[in-house]
Amino acid sequence: MKIFGKTDIGLVRETNQDAFCFGSFDDADCWAVVCDGMGGVSGGQVASSICVEKVSEAIKRGYRKNMNISSAKNLLTTAINAANSAVFKQSQENLELKGMGTTVVAVLVSGNIAIIAHVGDSRAYLINDEIKSITKDHSFVQLLIDTGKITEEEATIHPDRNIITRAVGIEHIVDVEIDIVDINNNDKLLICTDGLNGYVSDADILKTVKEYGDSSTEKLVETANSTGGRDNVTVVILAQGE
């Protein structure tokens, strides 16, 4: 697989509280991590950086060729739990960082299977002729959608759309959600912070990826910033085939 990634501070924020990392084990197996920090100017940066570092280290240390799905799920869950402990510990030891946390999306591709772990409202999409959100936001507006109180369209302009219901590092334990998806020839996995999907529609994400191919990450960041650049934005694309 080919992997492309880009992050940008945007046009408004003083710091970039997003962080990401990715790598390959061979031509088929690879991994990626994207985080969106929160908790003040310094706290968000610290939380996302710690999480990306800890999760990346755990994946590289624990990966084995031809891992079964159960082992891969355990690897990602353990990795995010270790990151949660590290972020929480830092927040308890430093008053300036108290309350910091981060979202996370971690992907491990093994053969034609992608194992995706996430906490918070950063997302993973499967893209081919269509675009499908693999992850489900851990957010206040998602709860409103699930209970029928608002529509998905109303959620995009809801005043509390930035409130998340789960985050890494907020408490001493974290609930990690796992999704499994088959990866076929010419499929792409896109993982991103809400600086992308909060300002660029799914339809426009799909159109951009289909039109720009390997340079999609740059174009998607440019498109997000063209709406005002009110948030940090991070995009990683893992491309099968081609």
# chains A, B, ... in the order shown; residues from 1 in each chain; ligands from 1
>>> select_by_dssp(residues="region 48-131 of chain A", states="helix (DSSP H, G or I)", output="PyMOL selection string")
chain A and resi 48-62+69-93+95-97
>>> select_by_dssp(residues="region 4-41 of chain A", states="strand (DSSP E or B)", output="PyMOL selection string")
chain A and resi 4-8+18-24+30-38
>>> closest_residue(among="A:Ile3, A:Ala72, A:Ile59, A:Ile150", to="Asp27 (chain A)", atoms="only C-alpha atoms")
A:Ile3
>>> closest_residue(among="A:Glu57, A:Ala83, A:Leu126, A:Ser201", to="His172 (chain A)", atoms="only C-alpha atoms")
A:Ala83
>>> residues_around(residues="Leu97 (chain A)", least_positions_apart="3", cutoff="12 Å", atoms="only C-alpha atoms", output="JSON, numbers by chain")
{"A": [37, 38, 39, 40, 41, 42, 43, 44, 45, 46, 47, 87, 88, 89, 90, 91, 92, 93, 94, 100, 101, 169, 170]}
>>> write_last_selection(atoms="all heavy atoms", output="short mmCIF file (atom, residue, chain, number, x, y, z; two decimals), in the first residue's frame")
data_model
loop_
_atom_site.label_atom_id
_atom_site.label_comp_id
_atom_site.auth_asym_id
_atom_site.auth_seq_id
_atom_site.Cartn_x
_atom_site.Cartn_y
_atom_site.Cartn_z
N GLY A 37 -5.76 16.80 19.56
CA GLY A 37 -5.66 17.10 20.98
C GLY A 37 -6.60 18.19 21.44
O GLY A 37 -7.09 19.01 20.66
N MET A 38 -6.83 18.20 22.76
CA MET A 38 -7.67 19.25 23.36
C MET A 38 -7.16 19.50 24.77
O MET A 38 -6.45 18.68 25.35
CB MET A 38 -9.13 18.79 23.41
CG MET A 38 -9.34 17.52 24.21
SD MET A 38 -11.01 16.92 24.11
CE MET A 38 -10.92 15.61 25.35
N GLY A 39 -7.49 20.67 25.29
CA GLY A 39 -7.08 21.00 26.65
C GLY A 39 -6.17 22.20 26.72
O GLY A 39 -5.18 22.21 27.44
N GLY A 40 -6.50 23.23 25.93
CA GLY A 40 -5.68 24.44 25.94
C GLY A 40 -4.58 24.38 24.90
O GLY A 40 -4.33 23.34 24.28
N VAL A 41 -3.92 25.50 24.73
CA VAL A 41 -2.90 25.63 23.68
C VAL A 41 -1.81 24.60 23.84
O VAL A 41 -1.41 23.92 22.89
CB VAL A 41 -2.30 27.05 23.68
CG1 VAL A 41 -1.14 27.14 22.71
CG2 VAL A 41 -3.37 28.08 23.31
N SER A 42 -1.28 24.43 25.07
CA SER A 42 -0.18 23.48 25.27
C SER A 42 -0.70 22.08 25.51
O SER A 42 -0.13 21.10 25.02
CB SER A 42 0.69 23.92 26.45
OG SER A 42 -0.08 24.03 27.63
N GLY A 43 -1.80 21.93 26.26
CA GLY A 43 -2.31 20.61 26.61
C GLY A 43 -2.67 19.77 25.41
O GLY A 43 -2.36 18.57 25.36
N GLY A 44 -3.35 20.36 24.44
CA GLY A 44 -3.75 19.62 23.25
C GLY A 44 -2.57 19.09 22.48
O GLY A 44 -2.58 17.93 22.03
N GLN A 45 -1.55 19.92 22.34
CA GLN A 45 -0.34 19.49 21.63
C GLN A 45 0.35 18.34 22.35
O GLN A 45 0.78 17.37 21.74
CB GLN A 45 0.64 20.66 21.52
CG GLN A 45 0.41 21.58 20.34
CD GLN A 45 1.54 22.56 20.19
OE1 GLN A 45 1.92 23.23 21.16
NE2 GLN A 45 2.08 22.66 19.00
N VAL A 46 0.45 18.47 23.66
CA VAL A 46 1.12 17.43 24.46
C VAL A 46 0.35 16.12 24.37
O VAL A 46 0.92 15.05 24.15
CB VAL A 46 1.26 17.88 25.93
CG1 VAL A 46 1.78 16.74 26.79
CG2 VAL A 46 2.20 19.08 26.02
N ALA A 47 -0.97 16.18 24.54
CA ALA A 47 -1.79 14.97 24.54
C ALA A 47 -1.71 14.23 23.22
O ALA A 47 -1.52 13.01 23.17
CB ALA A 47 -3.23 15.31 24.88
N VAL A 87 -0.98 9.76 28.86
CA VAL A 87 -1.56 11.11 28.81
C VAL A 87 -2.19 11.46 30.17
O VAL A 87 -1.99 12.57 30.69
CB VAL A 87 -2.62 11.21 27.70
CG1 VAL A 87 -3.32 12.57 27.75
CG2 VAL A 87 -1.98 11.01 26.33
N PHE A 88 -2.92 10.53 30.74
CA PHE A 88 -3.57 10.78 32.04
C PHE A 88 -2.53 11.07 33.12
O PHE A 88 -2.70 11.99 33.94
CB PHE A 88 -4.42 9.57 32.42
CG PHE A 88 -5.20 9.77 33.70
CD1 PHE A 88 -6.31 10.60 33.72
CD2 PHE A 88 -4.81 9.12 34.87
CE1 PHE A 88 -7.03 10.78 34.90
CE2 PHE A 88 -5.53 9.30 36.04
CZ PHE A 88 -6.64 10.13 36.06
N LYS A 89 -1.45 10.30 33.13
CA LYS A 89 -0.39 10.49 34.13
C LYS A 89 0.21 11.89 34.02
O LYS A 89 0.40 12.58 35.02
CB LYS A 89 0.70 9.43 33.93
CG LYS A 89 1.84 9.47 34.95
CD LYS A 89 2.75 8.26 34.75
CE LYS A 89 3.85 8.21 35.81
NZ LYS A 89 4.86 9.26 35.63
N GLN A 90 0.49 12.32 32.80
CA GLN A 90 1.05 13.66 32.59
C GLN A 90 0.08 14.74 33.06
O GLN A 90 0.49 15.74 33.66
CB GLN A 90 1.36 13.87 31.11
CG GLN A 90 2.67 13.27 30.66
CD GLN A 90 3.83 14.23 30.88
OE1 GLN A 90 4.10 14.69 32.00
NE2 GLN A 90 4.54 14.55 29.81
N SER A 91 -1.20 14.54 32.79
CA SER A 91 -2.18 15.56 33.17
C SER A 91 -2.34 15.66 34.69
O SER A 91 -2.68 16.72 35.21
CB SER A 91 -3.54 15.24 32.53
OG SER A 91 -4.15 14.12 33.15
N GLN A 92 -2.09 14.57 35.40
CA GLN A 92 -2.19 14.58 36.85
C GLN A 92 -0.95 15.17 37.50
O GLN A 92 -1.01 15.73 38.60
CB GLN A 92 -2.40 13.15 37.38
CG GLN A 92 -3.69 12.50 36.89
CD GLN A 92 -4.93 13.30 37.25
OE1 GLN A 92 -5.21 13.52 38.42
NE2 GLN A 92 -5.66 13.74 36.24
N GLU A 93 0.18 15.07 36.82
CA GLU A 93 1.45 15.53 37.39
C GLU A 93 1.75 17.00 37.09
O GLU A 93 2.59 17.61 37.75
CB GLU A 93 2.60 14.65 36.87
CG GLU A 93 2.53 13.21 37.38
CD GLU A 93 3.61 12.33 36.79
OE1 GLU A 93 4.29 12.79 35.83
OE2 GLU A 93 3.78 11.19 37.27
N ASN A 94 1.08 17.56 36.10
CA ASN A 94 1.34 18.94 35.70
C ASN A 94 0.04 19.71 35.68
O ASN A 94 -0.83 19.45 34.85
CB ASN A 94 2.00 18.96 34.31
CG ASN A 94 2.48 20.35 33.90
OD1 ASN A 94 1.92 21.36 34.34
ND2 ASN A 94 3.50 20.39 33.06
N MET A 100 -6.26 17.66 29.94
CA MET A 100 -5.95 17.49 28.51
C MET A 100 -6.37 16.09 28.04
O MET A 100 -6.51 15.15 28.83
CB MET A 100 -4.46 17.69 28.24
CG MET A 100 -3.55 16.60 28.76
SD MET A 100 -1.82 16.89 28.28
CE MET A 100 -1.02 15.50 29.10
N GLY A 101 -6.60 15.97 26.75
CA GLY A 101 -6.96 14.69 26.17
C GLY A 101 -6.81 14.75 24.67
O GLY A 101 -6.39 15.77 24.11
N GLY A 169 -6.99 9.91 27.69
CA GLY A 169 -6.27 10.69 28.70
C GLY A 169 -7.12 11.45 29.68
O GLY A 169 -6.59 12.02 30.63
N ILE A 170 -8.43 11.46 29.50
CA ILE A 170 -9.31 12.21 30.40
C ILE A 170 -9.52 11.46 31.71
O ILE A 170 -9.59 12.06 32.78
CB ILE A 170 -10.66 12.49 29.72
CG1 ILE A 170 -10.47 13.38 28.49
CG2 ILE A 170 -11.63 13.13 30.70
CD1 ILE A 170 -9.92 14.76 28.80
#
>>> residues_around(residues="Asp202 (chain A)", least_positions_apart="6", cutoff="9 Å", atoms="only C-alpha atoms", output="ChimeraX atom specification")
/A:131-133
>>> residues_around(residues="region 111-121 of chain A", least_positions_apart="5", cutoff="9 Å", atoms="only C-alpha atoms", output="ChimeraX atom specification")
/A:28-29,36,66,69,72-73,76-77,80,102-106,134-139,162-168,174-185,189,193-194
>>> atom_distance(atom1="CA of Trp31 (chain A)", atom2="CA of Asn225 (chain A)")
26.6 Å
>>> atom_distance(atom1="CA of Cys21 (chain A)", atom2="CA of Lys2 (chain A)")
13.8 Å
>>> residues_around(residues="Val235 (chain A)", least_positions_apart="5", cutoff="6 Å", atoms="only C-alpha atoms", output="number ranges by chain")
A: 5-6, 191-192, 217
>>> write_last_selection(atoms="N, CA and C atoms", output="compact mmCIF listing (two decimals), in the first residue's frame")
# COMPACT_ATOMS: atom_id res chain seq x y z
N GLY A 5 0.26 11.57 3.88
CA GLY A 5 -0.30 12.28 5.02
C GLY A 5 0.08 13.75 5.01
N LYS A 6 -0.81 14.56 5.55
CA LYS A 6 -0.52 15.99 5.66
C LYS A 6 -1.29 16.58 6.84
N ILE A 191 -8.12 8.58 6.93
CA ILE A 191 -8.35 8.92 8.33
C ILE A 191 -8.04 10.39 8.53
N CYS A 192 -8.84 11.04 9.36
CA CYS A 192 -8.73 12.49 9.45
C CYS A 192 -9.24 13.01 10.79
N THR A 217 -4.24 14.49 -0.37
CA THR A 217 -4.11 15.04 0.99
C THR A 217 -3.87 16.54 0.94
>>> atom_distance(atom1="CA of Lys54 (chain A)", atom2="CA of Asn197 (chain A)")
25.4 Å
>>> residues_around(residues="Lys219 (chain A)", least_positions_apart="2", cutoff="12 Å", atoms="only C-alpha atoms", output="PyMOL selection string")
chain A and resi 4-8+196+200+204-217+221-226+233-235
>>> write_last_selection(atoms="C-alpha atoms", output="PDB file, in the first residue's frame")
ATOM      1  CA  PHE A   4       0.218   9.855   2.147  1.00  0.00           C
ATOM      2  CA  GLY A   5      -0.296  12.285   5.017  1.00  0.00           C
ATOM      3  CA  LYS A   6      -0.520  15.995   5.660  1.00  0.00           C
ATOM      4  CA  THR A   7      -1.313  18.229   8.615  1.00  0.00           C
ATOM      5  CA  ASP A   8      -1.860  21.980   8.698  1.00  0.00           C
ATOM      6  CA  LEU A 196     -11.501  18.036   7.480  1.00  0.00           C
ATOM      7  CA  VAL A 200     -15.617  19.507   3.753  1.00  0.00           C
ATOM      8  CA  ASP A 204     -16.467  16.649  -1.819  1.00  0.00           C
ATOM      9  CA  ILE A 205     -13.946  14.376  -0.054  1.00  0.00           C
ATOM     10  CA  LEU A 206     -14.865  11.561  -2.457  1.00  0.00           C
ATOM     11  CA  LYS A 207     -14.688  13.837  -5.494  1.00  0.00           C
ATOM     12  CA  THR A 208     -11.268  15.161  -4.478  1.00  0.00           C
ATOM     13  CA  VAL A 209      -9.773  11.730  -3.801  1.00  0.00           C
ATOM     14  CA  LYS A 210     -11.018  10.402  -7.150  1.00  0.00           C
ATOM     15  CA  GLU A 211      -9.772  13.445  -9.043  1.00  0.00           C
ATOM     16  CA  TYR A 212      -6.409  14.130  -7.407  1.00  0.00           C
ATOM     17  CA  GLY A 213      -5.145  10.656  -6.490  1.00  0.00           C
ATOM     18  CA  ASP A 214      -1.731  10.797  -4.818  1.00  0.00           C
ATOM     19  CA  SER A 215      -1.989  14.545  -4.194  1.00  0.00           C
ATOM     20  CA  SER A 216      -5.406  14.280  -2.512  1.00  0.00           C
ATOM     21  CA  THR A 217      -4.107  15.042   0.987  1.00  0.00           C
ATOM     22  CA  VAL A 221      -6.213  20.429   3.339  1.00  0.00           C
ATOM     23  CA  GLU A 222      -6.372  23.304   0.859  1.00  0.00           C
ATOM     24  CA  THR A 223     -10.139  22.849   0.534  1.00  0.00           C
ATOM     25  CA  ALA A 224     -10.642  22.790   4.315  1.00  0.00           C
ATOM     26  CA  ASN A 225      -8.634  25.997   4.644  1.00  0.00           C
ATOM     27  CA  SER A 226     -10.603  27.637   1.844  1.00  0.00           C
ATOM     28  CA  VAL A 233      -6.657  19.725   9.759  1.00  0.00           C
ATOM     29  CA  THR A 234      -4.937  16.357   9.299  1.00  0.00           C
ATOM     30  CA  VAL A 235      -5.492  13.761   6.570  1.00  0.00           C
TER      31      VAL A 235
END
>>> closest_residue(among="A:Val109, A:Val34, A:Ile127, A:Leu143", to="Met1 (chain A)", atoms="only C-alpha atoms")
A:Val109
